[in-house]
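Novice: First the structure, which I've put down as structure tokens, then a few questions once you've had a look.
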Amino acid sequence: MMQTTSSIPISTSEQPWVLPHRGIVGMTCLIIAESAIFLIFVVAYVYYIGRSLSGPTPAQVLELPILSTICLLSSSITIHYAVGALRKDNVRGCTLGLAGTVLLGAVFLMMTAREWYHLIHDFGLTIRTNLFGTTFYSLVGLHASHVVVGLTMLTIALALSLRGSVTEEHAERLEVLSLYWHFVDGVWVVVFTVVYVLGR
Amino acid sequence: MAHAPVVAVIDQTLETKRRPPFDVVYEWVTTVDHKKIGLMYIAYALIFLLIAGFEAVLMRIQLAVPNNHFVSPQVFNRLFTMHGTTMVFFMGMPILFGFANYLVPLMIGARDMAFPRLNAFSFWISAFGGLLLYFSYLGGDGLYGMGSAPDVGWFAYAPLTAKVFSPGHSTDYWTLSILLSGIGTTGTALNIMTTTICMRCKGMKLTRMPLFVWLMVVTSFLVFVAVSPLTAAQIMLTLDRYLGAHFFDTQAGGSAVLWMHFFWIFGHPEVYILVLPAFGFISEMIPVFSRKAIFGYPAMVAASVAIGFISLSVWAHHMFTVGMGPAGNTFFVFSTMVISVPTGIKIFNWLATLWGGKIIFKVPMMFSLAFLFQFLVAGLTGIMLSSAPFNWQLSASYFVIAHFHYVLVGAIVTALFGAFYYWYPKVTGRMMSETLGKWHFWLFIIGFHLTFDVMHVPGLLGMPRRIYTYEAGRGWETLNFIIGIGALFQTVGTLIFVYNMVRSYYHGEIAGHDPWDAWTLEWATPSPPPVYNFAVEPTVRSRRPLWDLKHPEDPDENYE
């Protein structure tokens, strides 16, 4: 049957219709995709453990990055605090939490930089030296580049909140950012285990 | 009454007078409307379809007679590399995502995608990837080297891609274009997934979504977990080529087989990324042209999800000849065979939908029926190839080529053609010509069977893939000539299709909003749909909202 006018099915009496927040769903999808990327790099790392044809080996040069790990993992707590504070309309607390997160993340990055300097300068280990160098710099570097992206976004959020333009209504958005940051921290746990515990 | 018909607002922008070309271009380049982006995806994919189809024709001309020197071996290598890469990354995925972009928001009663600007970004980054791939013809060796495109094959096995064996930049263009396409694809998949979860209209529960939307959800999930490994592998390859890393450098202890694993972890789910949307088209068209609701909706959804998961565990059936050992071989033989179970469920559900239906042989339905038959045959040769000993014999032969072209052309492209005839009236407001459509159908299907049925035989006779020519007297000449004739039929059919699209845009019969008397929400808006899609937010009470509207005396909700 052909109709000349369009008709859209509508109904007046309705029960409530609530769907998830799109930011959180979108970020979850991104995290799934990113996890797959990291998984491949982790597989390559594990596969090449002990297969380098020449030194230096991980046992000779790697030290456990305890302090930077503590910093990064604590930054998950501070960002969580920031989101919680913003939900309660505590903008000051949120700014404080963000500042703490940025600080801890920056410390982590600086310590990674020091580690790399040490490896390159003192041991001559670069990405072309051997398979260990190849997989180490690419896996840790991939993670570090995610930290850089996260830190950039956190710094923007911090700048906005210092300017006073972050309010309670932005809590959802900050939560999306915090999800990403938790993911970056979670990946570090895996990287730490694989590189510094299993691989050493 | 629960359902009150509402007269849709006619979009005023359609009635405005002609604007200067610059304004039109500016509007399309800056648009974030899901329908315009979807159409741009489809248009750019069709351009690449013609380019890559032209490459295929060149290869068939070269192989039509033995000892041919129509193209040189080097050019032949570039042709099959570019043909494969283009068809998979710059024709297959964009065209399916174009349809998804256009249809998913309409089908779930939304006004746009969840992230419109991300949508535009994803499109442009993918399009840029395609341009980059073809720019390699100019930039590959630099112009003074006369230029060259990548020639490493579409799966680019290591160590052929190492700097030593592929000097110049052509392989880098290949890598970068796929990297960009991967970013774009992931962005779009993320968008489709989020749109489906967060933007459904009232009452559009997951159990009421059209099957096309369900299949796009599974496809999007596969994109996350399958395209990302390819992105990772391309990053590794770039590190190898530019920074001297050793991921795939066998001289330094690296593994060439690792690349194969990484590539096929992407490569096999990719087949399902391409074919699942085609299942979606078929699941929309067969019920409408059988005048019956789809048979076994929950089983169809479950089978789609099962295919999605199982497809992640079958990749190494591309690698039986590598020598993975009995345990590995056995696992991948069985996982590959298992995937035919949910696929079989789908085929039987489509058949059961046809059973007892009042079948209408319009062009979309003819393509759907051809799909059913051809996809079945493709699946059967797939089961043959999944058996490791058989595979050892026929790996890298024309039998494999015939098998996967049966899937890609016989199933996916056939379903796509049907989808074009089915949704063209919605997009343009005009019907495509049935007469030309039937010419297109018969020429294309005859050509398809001439080419790809016959192609199995030289494979069985031992003709390897990727050879640029062959000696006379091996029994391959006649077969290859017939294959070439088939390619000619397909080319003519496709050109008729292109002509039909252009002609119908100006002279086609006015379609009205619901020319097929269909049941999903996209047919509730005017054709073409206004920018805002729906004048009011629709409310859905069953899987076939327009059936409920047209038959208030017997709504579907009573049976679900």
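Just so we're on the same page: first chain in the structure tokens is A, next is B, and so on; residues restart at 1 for each chain, and ligands are numbered from 1 in the order they show up.
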Could you name the residues that touch stretch 536-550 of chain B at 6 Å or less, counting only C-alpha atoms, but leaving out those on the same chain fewer than 4 positions away, as a short mmCIF file (atom, residue, chain, number, x, y, z; two decimals) with all heavy atoms, in the first residue's frame?
Specialist:
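Result written to selection01.cif:
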data_model
loop_
_atom_site.label_atom_id
_atom_site.label_comp_id
_atom_site.auth_asym_id
_atom_site.auth_seq_id
_atom_site.Cartn_x
_atom_site.Cartn_y
_atom_site.Cartn_z
N ILE A 8 5.17 8.66 11.02
CA ILE A 8 6.16 8.18 11.97
C ILE A 8 5.41 7.60 13.15
O ILE A 8 4.50 8.25 13.68
CB ILE A 8 7.08 9.33 12.42
CG1 ILE A 8 7.82 9.90 11.21
CG2 ILE A 8 8.05 8.86 13.47
CD1 ILE A 8 8.51 11.19 11.49
N PRO A 9 5.73 6.39 13.54
CA PRO A 9 5.02 5.83 14.69
C PRO A 9 5.40 6.58 15.97
O PRO A 9 6.57 6.66 16.31
CB PRO A 9 5.49 4.38 14.73
CG PRO A 9 6.78 4.37 13.99
CD PRO A 9 6.72 5.48 13.00
N ILE A 10 4.41 7.14 16.62
CA ILE A 10 4.68 7.75 17.93
C ILE A 10 3.65 7.27 18.92
O ILE A 10 2.61 6.73 18.55
CB ILE A 10 4.66 9.29 17.89
CG1 ILE A 10 3.32 9.78 17.37
CG2 ILE A 10 5.81 9.84 17.10
CD1 ILE A 10 3.07 11.22 17.70
N SER A 11 3.93 7.47 20.15
CA SER A 11 3.01 7.04 21.19
C SER A 11 3.07 8.06 22.30
O SER A 11 4.12 8.62 22.58
CB SER A 11 3.41 5.66 21.68
OG SER A 11 2.61 5.31 22.76
N LYS B 202 12.63 5.81 21.60
CA LYS B 202 11.85 5.16 22.67
C LYS B 202 11.33 3.80 22.22
O LYS B 202 10.77 3.68 21.13
CB LYS B 202 10.66 6.04 23.04
CG LYS B 202 11.02 7.16 23.98
CD LYS B 202 9.76 7.92 24.35
CE LYS B 202 10.12 9.26 24.97
NZ LYS B 202 8.99 10.19 24.89
N GLY B 203 11.50 2.83 23.07
CA GLY B 203 10.97 1.50 22.79
C GLY B 203 11.86 0.65 21.91
O GLY B 203 11.59 -0.54 21.74
N MET B 204 12.93 1.24 21.31
CA MET B 204 13.81 0.46 20.45
C MET B 204 14.79 -0.33 21.33
O MET B 204 15.94 0.03 21.49
CB MET B 204 14.56 1.39 19.49
CG MET B 204 15.51 0.70 18.52
SD MET B 204 14.75 -0.39 17.36
CE MET B 204 14.13 0.74 16.13
N ARG B 208 14.65 -5.42 19.65
CA ARG B 208 13.76 -4.97 18.57
C ARG B 208 14.53 -4.30 17.45
O ARG B 208 13.92 -3.83 16.48
CB ARG B 208 12.75 -3.96 19.12
CG ARG B 208 11.71 -4.60 19.99
CD ARG B 208 10.78 -3.54 20.53
NE ARG B 208 9.86 -4.11 21.51
CZ ARG B 208 9.16 -3.38 22.36
NH1 ARG B 208 9.28 -2.07 22.36
NH2 ARG B 208 8.35 -3.95 23.22
N TRP B 519 9.11 -2.27 6.60
CA TRP B 519 8.66 -2.20 7.99
C TRP B 519 9.60 -1.49 8.94
O TRP B 519 9.29 -1.31 10.10
CB TRP B 519 8.42 -3.62 8.49
CG TRP B 519 7.45 -4.36 7.63
CD1 TRP B 519 6.18 -3.93 7.32
CD2 TRP B 519 7.63 -5.60 6.97
NE1 TRP B 519 5.57 -4.86 6.51
CE2 TRP B 519 6.43 -5.89 6.28
CE3 TRP B 519 8.68 -6.51 6.90
CZ2 TRP B 519 6.26 -7.05 5.53
CZ3 TRP B 519 8.50 -7.65 6.15
CH2 TRP B 519 7.31 -7.92 5.47
N THR B 520 10.81 -1.15 8.47
CA THR B 520 11.74 -0.53 9.41
C THR B 520 11.63 0.99 9.33
O THR B 520 11.10 1.54 8.37
CB THR B 520 13.19 -0.99 9.12
OG1 THR B 520 13.36 -1.07 7.71
CG2 THR B 520 13.45 -2.35 9.74
N PRO B 555 -1.16 -5.87 15.38
CA PRO B 555 0.22 -5.43 15.54
C PRO B 555 1.15 -6.58 15.93
O PRO B 555 0.73 -7.56 16.52
CB PRO B 555 0.14 -4.39 16.65
CG PRO B 555 -1.07 -4.74 17.42
CD PRO B 555 -2.03 -5.37 16.45
N ASP B 556 2.42 -6.39 15.56
CA ASP B 556 3.43 -7.42 15.82
C ASP B 556 3.65 -7.67 17.30
O ASP B 556 4.05 -8.76 17.68
CB ASP B 556 4.77 -6.95 15.23
CG ASP B 556 5.07 -7.66 13.94
OD1 ASP B 556 4.14 -8.31 13.41
OD2 ASP B 556 6.21 -7.58 13.46
N GLU B 557 3.41 -6.64 18.11
CA GLU B 557 3.77 -6.80 19.53
C GLU B 557 3.01 -7.94 20.18
O GLU B 557 3.43 -8.48 21.19
CB GLU B 557 3.52 -5.49 20.28
CG GLU B 557 2.10 -5.01 20.19
CD GLU B 557 1.96 -3.54 20.59
OE1 GLU B 557 2.06 -3.29 21.79
OE2 GLU B 557 1.78 -2.69 19.72
#
Novice: Tell me which protein, DNA and RNA residues are within 7 Å of stretch 300-312 of chain B, counting only C-alpha atoms, leaving out same-chain ones fewer than 4 positions away, and put them as a count of residues only.
Specialist: 12
Novice: From stretch 415-534 of chain B, collect each residue whose DSSP state is helix (DSSP H, G or I) and return the set as a short mmCIF file (atom, residue, chain, number, x, y, z; two decimals) with N, CA, C and O atoms, in the first residue's frame.
Specialist:
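selection_18.cif, written as the output of this step:
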data_model
loop_
_atom_site.label_atom_id
_atom_site.label_comp_id
_atom_site.auth_asym_id
_atom_site.auth_seq_id
_atom_site.Cartn_x
_atom_site.Cartn_y
_atom_site.Cartn_z
N ALA B 415 25.38 -8.79 -2.52
CA ALA B 415 24.47 -8.22 -1.53
C ALA B 415 24.48 -6.69 -1.61
O ALA B 415 23.44 -6.04 -1.48
N LEU B 416 25.67 -6.13 -1.87
CA LEU B 416 25.78 -4.68 -1.98
C LEU B 416 24.95 -4.14 -3.14
O LEU B 416 24.26 -3.13 -3.00
N PHE B 417 25.02 -4.82 -4.30
CA PHE B 417 24.24 -4.37 -5.44
C PHE B 417 22.75 -4.39 -5.08
O PHE B 417 22.02 -3.44 -5.34
N GLY B 418 22.31 -5.50 -4.42
CA GLY B 418 20.92 -5.56 -3.99
C GLY B 418 20.58 -4.38 -3.09
O GLY B 418 19.55 -3.73 -3.25
N ALA B 419 21.50 -4.08 -2.14
CA ALA B 419 21.27 -2.99 -1.20
C ALA B 419 21.16 -1.66 -1.94
O ALA B 419 20.35 -0.80 -1.57
N PHE B 420 21.97 -1.49 -2.99
CA PHE B 420 21.87 -0.25 -3.77
C PHE B 420 20.47 -0.10 -4.35
O PHE B 420 19.85 0.95 -4.24
N TYR B 421 19.95 -1.16 -4.98
CA TYR B 421 18.62 -1.07 -5.59
C TYR B 421 17.55 -0.86 -4.52
O TYR B 421 16.55 -0.19 -4.75
N TYR B 422 17.80 -1.45 -3.34
CA TYR B 422 16.78 -1.39 -2.29
C TYR B 422 16.71 0.00 -1.64
O TYR B 422 15.63 0.53 -1.44
N TRP B 423 17.87 0.60 -1.34
CA TRP B 423 17.85 1.86 -0.60
C TRP B 423 18.03 3.09 -1.47
O TRP B 423 17.90 4.21 -0.97
N TYR B 424 18.32 2.91 -2.75
CA TYR B 424 18.47 4.06 -3.65
C TYR B 424 17.24 4.96 -3.61
O TYR B 424 17.37 6.19 -3.53
N PRO B 425 16.01 4.40 -3.63
CA PRO B 425 14.83 5.27 -3.57
C PRO B 425 14.79 6.11 -2.30
O PRO B 425 14.35 7.26 -2.32
N LYS B 426 15.27 5.55 -1.19
CA LYS B 426 15.27 6.31 0.06
C LYS B 426 16.24 7.48 -0.04
O LYS B 426 15.96 8.60 0.39
N VAL B 427 17.40 7.25 -0.65
CA VAL B 427 18.46 8.25 -0.68
C VAL B 427 18.13 9.36 -1.67
O VAL B 427 18.36 10.53 -1.40
N THR B 428 17.59 8.98 -2.84
CA THR B 428 17.41 9.98 -3.88
C THR B 428 15.95 10.38 -4.08
O THR B 428 15.66 11.38 -4.72
N GLU B 434 14.02 -0.93 -13.26
CA GLU B 434 13.99 -2.39 -13.09
C GLU B 434 14.57 -3.09 -14.31
O GLU B 434 15.27 -4.09 -14.19
N THR B 435 14.28 -2.54 -15.51
CA THR B 435 14.76 -3.19 -16.73
C THR B 435 16.29 -3.20 -16.75
O THR B 435 16.92 -4.25 -16.93
N LEU B 436 16.86 -2.00 -16.56
CA LEU B 436 18.33 -1.94 -16.54
C LEU B 436 18.87 -2.80 -15.40
O LEU B 436 19.91 -3.45 -15.53
N GLY B 437 18.14 -2.80 -14.28
CA GLY B 437 18.57 -3.59 -13.14
C GLY B 437 18.64 -5.06 -13.48
O GLY B 437 19.56 -5.77 -13.08
N LYS B 438 17.66 -5.54 -14.27
CA LYS B 438 17.67 -6.96 -14.63
C LYS B 438 18.81 -7.26 -15.60
O LYS B 438 19.46 -8.31 -15.49
N TRP B 439 19.05 -6.33 -16.53
CA TRP B 439 20.22 -6.50 -17.40
C TRP B 439 21.48 -6.58 -16.55
O TRP B 439 22.33 -7.44 -16.75
N HIS B 440 21.62 -5.66 -15.62
CA HIS B 440 22.78 -5.64 -14.74
C HIS B 440 22.89 -6.98 -14.02
O HIS B 440 23.95 -7.61 -14.00
N PHE B 441 21.76 -7.41 -13.44
CA PHE B 441 21.78 -8.65 -12.66
C PHE B 441 22.27 -9.81 -13.50
O PHE B 441 23.22 -10.51 -13.14
N TRP B 442 21.63 -10.04 -14.66
CA TRP B 442 21.96 -11.24 -15.42
C TRP B 442 23.37 -11.18 -15.98
O TRP B 442 24.12 -12.16 -15.93
N LEU B 443 23.77 -10.02 -16.52
CA LEU B 443 25.13 -9.92 -17.05
C LEU B 443 26.15 -10.16 -15.95
O LEU B 443 27.12 -10.90 -16.12
N PHE B 444 25.90 -9.53 -14.80
CA PHE B 444 26.89 -9.64 -13.73
C PHE B 444 26.96 -11.07 -13.20
O PHE B 444 28.04 -11.61 -12.97
N ILE B 445 25.79 -11.68 -13.01
CA ILE B 445 25.78 -13.03 -12.43
C ILE B 445 26.39 -14.03 -13.42
O ILE B 445 27.19 -14.89 -13.03
N ILE B 446 26.05 -13.90 -14.71
CA ILE B 446 26.65 -14.81 -15.69
C ILE B 446 28.17 -14.60 -15.71
O ILE B 446 28.95 -15.56 -15.66
N GLY B 447 28.59 -13.34 -15.72
CA GLY B 447 30.02 -13.05 -15.71
C GLY B 447 30.69 -13.59 -14.48
O GLY B 447 31.77 -14.19 -14.54
N PHE B 448 30.03 -13.40 -13.34
CA PHE B 448 30.60 -13.89 -12.08
C PHE B 448 30.85 -15.39 -12.14
O PHE B 448 31.92 -15.88 -11.79
N HIS B 449 29.83 -16.13 -12.63
CA HIS B 449 29.98 -17.59 -12.64
C HIS B 449 30.99 -18.03 -13.69
O HIS B 449 31.75 -18.97 -13.45
N LEU B 450 31.02 -17.35 -14.84
CA LEU B 450 32.04 -17.68 -15.83
C LEU B 450 33.43 -17.52 -15.22
O LEU B 450 34.31 -18.37 -15.37
N THR B 451 33.63 -16.41 -14.51
CA THR B 451 34.97 -16.15 -13.97
C THR B 451 35.29 -17.07 -12.81
O THR B 451 36.27 -17.79 -12.82
N PHE B 452 34.44 -17.05 -11.80
CA PHE B 452 34.88 -17.63 -10.53
C PHE B 452 34.51 -19.10 -10.37
O PHE B 452 35.15 -19.79 -9.59
N ASP B 453 33.51 -19.61 -11.09
CA ASP B 453 33.32 -21.06 -11.09
C ASP B 453 34.49 -21.73 -11.78
O ASP B 453 35.09 -22.67 -11.28
N VAL B 454 34.83 -21.17 -12.97
CA VAL B 454 35.89 -21.76 -13.77
C VAL B 454 37.23 -21.63 -13.06
O VAL B 454 38.10 -22.50 -13.17
N MET B 455 37.41 -20.55 -12.28
CA MET B 455 38.71 -20.29 -11.68
C MET B 455 39.14 -21.38 -10.70
O MET B 455 40.33 -21.55 -10.42
N HIS B 456 38.17 -22.13 -10.14
CA HIS B 456 38.57 -23.22 -9.26
C HIS B 456 39.44 -24.24 -9.99
O HIS B 456 40.32 -24.84 -9.39
N VAL B 457 39.16 -24.44 -11.29
CA VAL B 457 39.79 -25.56 -12.00
C VAL B 457 41.30 -25.36 -12.21
O VAL B 457 42.08 -26.25 -11.88
N PRO B 458 41.73 -24.20 -12.77
CA PRO B 458 43.19 -24.05 -12.88
C PRO B 458 43.88 -24.18 -11.53
O PRO B 458 45.03 -24.65 -11.46
N GLY B 459 43.18 -23.79 -10.44
CA GLY B 459 43.75 -23.98 -9.11
C GLY B 459 43.98 -25.45 -8.83
O GLY B 459 45.06 -25.86 -8.39
N LEU B 460 42.96 -26.28 -9.13
CA LEU B 460 43.11 -27.72 -8.91
C LEU B 460 44.19 -28.29 -9.82
O LEU B 460 44.87 -29.25 -9.47
N GLU B 477 45.07 -22.71 -20.60
CA GLU B 477 44.81 -21.59 -21.51
C GLU B 477 43.32 -21.31 -21.68
O GLU B 477 42.87 -20.18 -21.47
N THR B 478 42.57 -22.38 -22.05
CA THR B 478 41.15 -22.18 -22.31
C THR B 478 40.46 -21.64 -21.06
O THR B 478 39.65 -20.71 -21.13
N LEU B 479 40.81 -22.24 -19.92
CA LEU B 479 40.17 -21.83 -18.67
C LEU B 479 40.42 -20.35 -18.40
O LEU B 479 39.50 -19.59 -18.09
N ASN B 480 41.68 -19.93 -18.54
CA ASN B 480 41.99 -18.53 -18.28
C ASN B 480 41.30 -17.61 -19.27
O ASN B 480 40.91 -16.49 -18.92
N PHE B 481 41.13 -18.10 -20.50
CA PHE B 481 40.44 -17.26 -21.49
C PHE B 481 38.98 -17.09 -21.08
O PHE B 481 38.44 -15.97 -21.12
N ILE B 482 38.34 -18.20 -20.64
CA ILE B 482 36.94 -18.10 -20.20
C ILE B 482 36.83 -17.15 -19.01
O ILE B 482 35.91 -16.32 -18.92
N ILE B 483 37.80 -17.25 -18.08
CA ILE B 483 37.79 -16.36 -16.92
C ILE B 483 37.82 -14.90 -17.39
O ILE B 483 37.09 -14.05 -16.87
N GLY B 484 38.66 -14.64 -18.40
CA GLY B 484 38.74 -13.28 -18.95
C GLY B 484 37.42 -12.82 -19.54
O GLY B 484 36.99 -11.68 -19.33
N ILE B 485 36.74 -13.73 -20.27
CA ILE B 485 35.44 -13.39 -20.85
C ILE B 485 34.45 -13.03 -19.73
O ILE B 485 33.70 -12.06 -19.83
N GLY B 486 34.50 -13.81 -18.64
CA GLY B 486 33.62 -13.53 -17.51
C GLY B 486 33.87 -12.14 -16.95
O GLY B 486 32.93 -11.41 -16.60
N ALA B 487 35.14 -11.77 -16.86
CA ALA B 487 35.48 -10.44 -16.35
C ALA B 487 34.84 -9.37 -17.24
O ALA B 487 34.36 -8.34 -16.75
N LEU B 488 34.82 -9.64 -18.56
CA LEU B 488 34.21 -8.69 -19.49
C LEU B 488 32.72 -8.52 -19.17
O LEU B 488 32.21 -7.40 -19.08
N PHE B 489 32.01 -9.67 -18.98
CA PHE B 489 30.59 -9.61 -18.64
C PHE B 489 30.37 -8.78 -17.37
O PHE B 489 29.48 -7.93 -17.31
N GLN B 490 31.19 -9.05 -16.35
CA GLN B 490 31.02 -8.32 -15.09
C GLN B 490 31.24 -6.84 -15.29
O GLN B 490 30.53 -6.01 -14.71
N THR B 491 32.24 -6.49 -16.11
CA THR B 491 32.52 -5.08 -16.35
C THR B 491 31.31 -4.41 -17.00
O THR B 491 30.88 -3.34 -16.56
N VAL B 492 30.75 -5.06 -18.04
CA VAL B 492 29.61 -4.46 -18.72
C VAL B 492 28.44 -4.32 -17.74
O VAL B 492 27.79 -3.28 -17.66
N GLY B 493 28.19 -5.38 -16.95
CA GLY B 493 27.12 -5.32 -15.96
C GLY B 493 27.29 -4.15 -15.01
O GLY B 493 26.36 -3.38 -14.75
N THR B 494 28.52 -3.98 -14.50
CA THR B 494 28.78 -2.91 -13.55
C THR B 494 28.60 -1.55 -14.21
O THR B 494 28.07 -0.62 -13.58
N LEU B 495 29.00 -1.42 -15.47
CA LEU B 495 28.84 -0.14 -16.15
C LEU B 495 27.35 0.17 -16.33
O LEU B 495 26.93 1.33 -16.19
N ILE B 496 26.54 -0.87 -16.62
CA ILE B 496 25.09 -0.64 -16.71
C ILE B 496 24.55 -0.15 -15.38
O ILE B 496 23.73 0.76 -15.31
N PHE B 497 25.08 -0.73 -14.30
CA PHE B 497 24.67 -0.31 -12.95
C PHE B 497 24.98 1.16 -12.71
O PHE B 497 24.13 1.93 -12.24
N VAL B 498 26.20 1.55 -13.10
CA VAL B 498 26.59 2.96 -12.91
C VAL B 498 25.66 3.85 -13.75
O VAL B 498 25.14 4.87 -13.26
N TYR B 499 25.42 3.44 -15.00
CA TYR B 499 24.53 4.22 -15.87
C TYR B 499 23.13 4.31 -15.28
O TYR B 499 22.51 5.38 -15.25
N ASN B 500 22.66 3.18 -14.73
CA ASN B 500 21.33 3.14 -14.12
C ASN B 500 21.24 4.13 -12.97
O ASN B 500 20.25 4.86 -12.83
N MET B 501 22.29 4.17 -12.15
CA MET B 501 22.27 5.09 -11.01
C MET B 501 22.18 6.53 -11.48
O MET B 501 21.41 7.33 -10.95
N VAL B 502 23.00 6.88 -12.48
CA VAL B 502 23.02 8.26 -12.95
C VAL B 502 21.69 8.61 -13.61
O VAL B 502 21.07 9.64 -13.32
N ARG B 503 21.21 7.70 -14.48
CA ARG B 503 19.99 7.97 -15.22
C ARG B 503 18.80 8.09 -14.27
O ARG B 503 17.98 9.01 -14.39
N SER B 504 18.72 7.16 -13.31
CA SER B 504 17.57 7.17 -12.41
C SER B 504 17.54 8.42 -11.54
O SER B 504 16.48 8.85 -11.09
N TYR B 505 18.71 9.00 -11.31
CA TYR B 505 18.74 10.20 -10.48
C TYR B 505 17.93 11.31 -11.13
O TYR B 505 17.29 12.11 -10.45
N TYR B 506 17.95 11.35 -12.49
CA TYR B 506 17.22 12.41 -13.19
C TYR B 506 15.87 11.96 -13.69
O TYR B 506 14.91 12.72 -13.70
N HIS B 507 15.77 10.70 -14.14
CA HIS B 507 14.55 10.27 -14.82
C HIS B 507 13.79 9.18 -14.09
O HIS B 507 12.78 8.70 -14.60
N LEU B 521 12.21 1.65 10.35
CA LEU B 521 11.92 3.07 10.56
C LEU B 521 12.40 3.99 9.44
O LEU B 521 11.84 5.07 9.25
N GLU B 522 13.46 3.57 8.69
CA GLU B 522 13.96 4.51 7.68
C GLU B 522 12.89 4.81 6.63
O GLU B 522 12.92 5.85 5.98
N TRP B 523 11.90 3.91 6.47
CA TRP B 523 10.87 4.12 5.47
C TRP B 523 9.74 5.00 5.99
O TRP B 523 8.77 5.25 5.29
N ALA B 524 9.86 5.48 7.24
CA ALA B 524 8.83 6.35 7.78
C ALA B 524 9.08 7.82 7.45
O ALA B 524 8.19 8.64 7.57
#
Novice: For stretch 400-411 of chain B, work out the shell of residues within 8 Å, counting only C-alpha atoms and skipping chain neighbours fewer than 2 positions away, then give it as an NGL selection string.
Specialist: :B and (275 or 278 or 370-372 or 374-375 or 377-379 or 381-382 or 385 or 394-398 or 413-415 or 448 or 452-453 or 455-456 or 459 or 465)
Novice: Counting only C-alpha atoms, what are the residues of chain B within 8 Å of chain A, and for each of them which pair of atoms is the nearest and at what distance in Å, to one decimal? Sort the table by chain and rising number, as a Markdown table.
Specialist:
| residue | atom | partner | partner_atom | distance |
| --- | --- | --- | --- | --- |
| B:Ala2 | CA | A:Ser11 | CA | 5.3 |
| B:His3 | CA | A:Ser11 | CA | 5.4 |
| B:Ala4 | CA | A:Ile10 | CA | 6.2 |
| B:Pro5 | CA | A:Ser7 | CA | 4.9 |
| B:Val6 | CA | A:Ser7 | CA | 5.0 |
| B:Val7 | CA | A:Ser7 | CA | 5.6 |
| B:Ala8 | CA | A:Ser6 | CA | 5.3 |
| B:Ala114 | CA | A:Arg22 | CA | 6.7 |
| B:Thr186 | CA | A:Ala33 | CA | 7.6 |
| B:Leu190 | CA | A:Cys29 | CA | 5.8 |
| B:Asn191 | CA | A:Gly26 | CA | 7.1 |
| B:Met193 | CA | A:Cys29 | CA | 7.8 |
| B:Thr194 | CA | A:Gly26 | CA | 5.6 |
| B:Thr195 | CA | A:Arg22 | CA | 7.7 |
| B:Ile197 | CA | A:Pro20 | CA | 7.2 |
| B:Cys198 | CA | A:Leu19 | CA | 5.3 |
| B:Met199 | CA | A:Leu19 | CA | 7.4 |
| B:Arg200 | CA | A:Leu19 | CA | 8.0 |
| B:Lys202 | CA | A:Trp17 | CA | 6.1 |
| B:Gly203 | CA | A:Trp17 | CA | 7.5 |
| B:Val223 | CA | A:Ala33 | CA | 7.9 |
| B:Phe224 | CA | A:Ala33 | CA | 4.3 |
| B:Val225 | CA | A:Ala36 | CA | 5.5 |
| B:Ala226 | CA | A:Ala36 | CA | 7.7 |
| B:Ser228 | CA | A:Ile37 | CA | 5.2 |
| B:Pro229 | CA | A:Ile37 | CA | 5.3 |
| B:Thr231 | CA | A:Ile37 | CA | 7.1 |
| B:Ala232 | CA | A:Ile37 | CA | 5.2 |
| B:Ala233 | CA | A:Ile40 | CA | 7.7 |
| B:Leu243 | CA | A:Arg128 | CA | 7.1 |
| B:Gly244 | CA | A:Arg128 | CA | 5.2 |
| B:Ala245 | CA | A:Arg128 | CA | 4.9 |
| B:His246 | CA | A:Leu131 | CA | 6.0 |
| B:Phe247 | CA | A:Thr134 | CA | 6.9 |
| B:Ala252 | CA | A:Leu53 | CA | 6.4 |
| B:Gly253 | CA | A:Leu53 | CA | 6.2 |
| B:Gly254 | CA | A:Leu131 | CA | 7.0 |
| B:Leu258 | CA | A:Ala44 | CA | 7.9 |
| B:Phe262 | CA | A:Ile40 | CA | 7.6 |
| B:Gly512 | CA | A:Thr4 | CA | 6.8 |
| B:His513 | CA | A:Ser6 | CA | 6.2 |
| B:Asp514 | CA | A:Met2 | CA | 7.0 |
| B:Pro515 | CA | A:Met2 | CA | 7.0 |
| B:Asp517 | CA | A:Met1 | CA | 6.4 |
| B:Leu521 | CA | A:Ile8 | CA | 7.8 |
| B:Ala524 | CA | A:Ile8 | CA | 5.3 |
| B:Thr525 | CA | A:Ser6 | CA | 5.7 |
| B:Pro526 | CA | A:Ser6 | CA | 5.9 |
| B:Phe534 | CA | A:Ile8 | CA | 7.6 |
| B:Val536 | CA | A:Ile8 | CA | 7.5 |
| B:Glu537 | CA | A:Ile10 | CA | 7.1 |
| B:Pro538 | CA | A:Ile10 | CA | 4.8 |
| B:Thr539 | CA | A:Ile10 | CA | 4.6 |
| B:Val540 | CA | A:Pro9 | CA | 6.9 |
| B:Pro545 | CA | A:Pro9 | CA | 6.7 |
| B:Leu546 | CA | A:Pro9 | CA | 7.1 |
| B:Leu549 | CA | A:Pro9 | CA | 6.4 |
Novice: Quick one: residues within 7 Å of stretch 89-97 of chain A, only C-alpha atoms, excluding same-chain residues fewer than 5 positions away - as a list in words?
Specialist: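 Close residues of stretch 89-97 of chain A: Thr78, Ile79, Tyr81, Ala82, Val83, Leu158, Ser161, Leu162, Thr167 and Glu168 of chain A.
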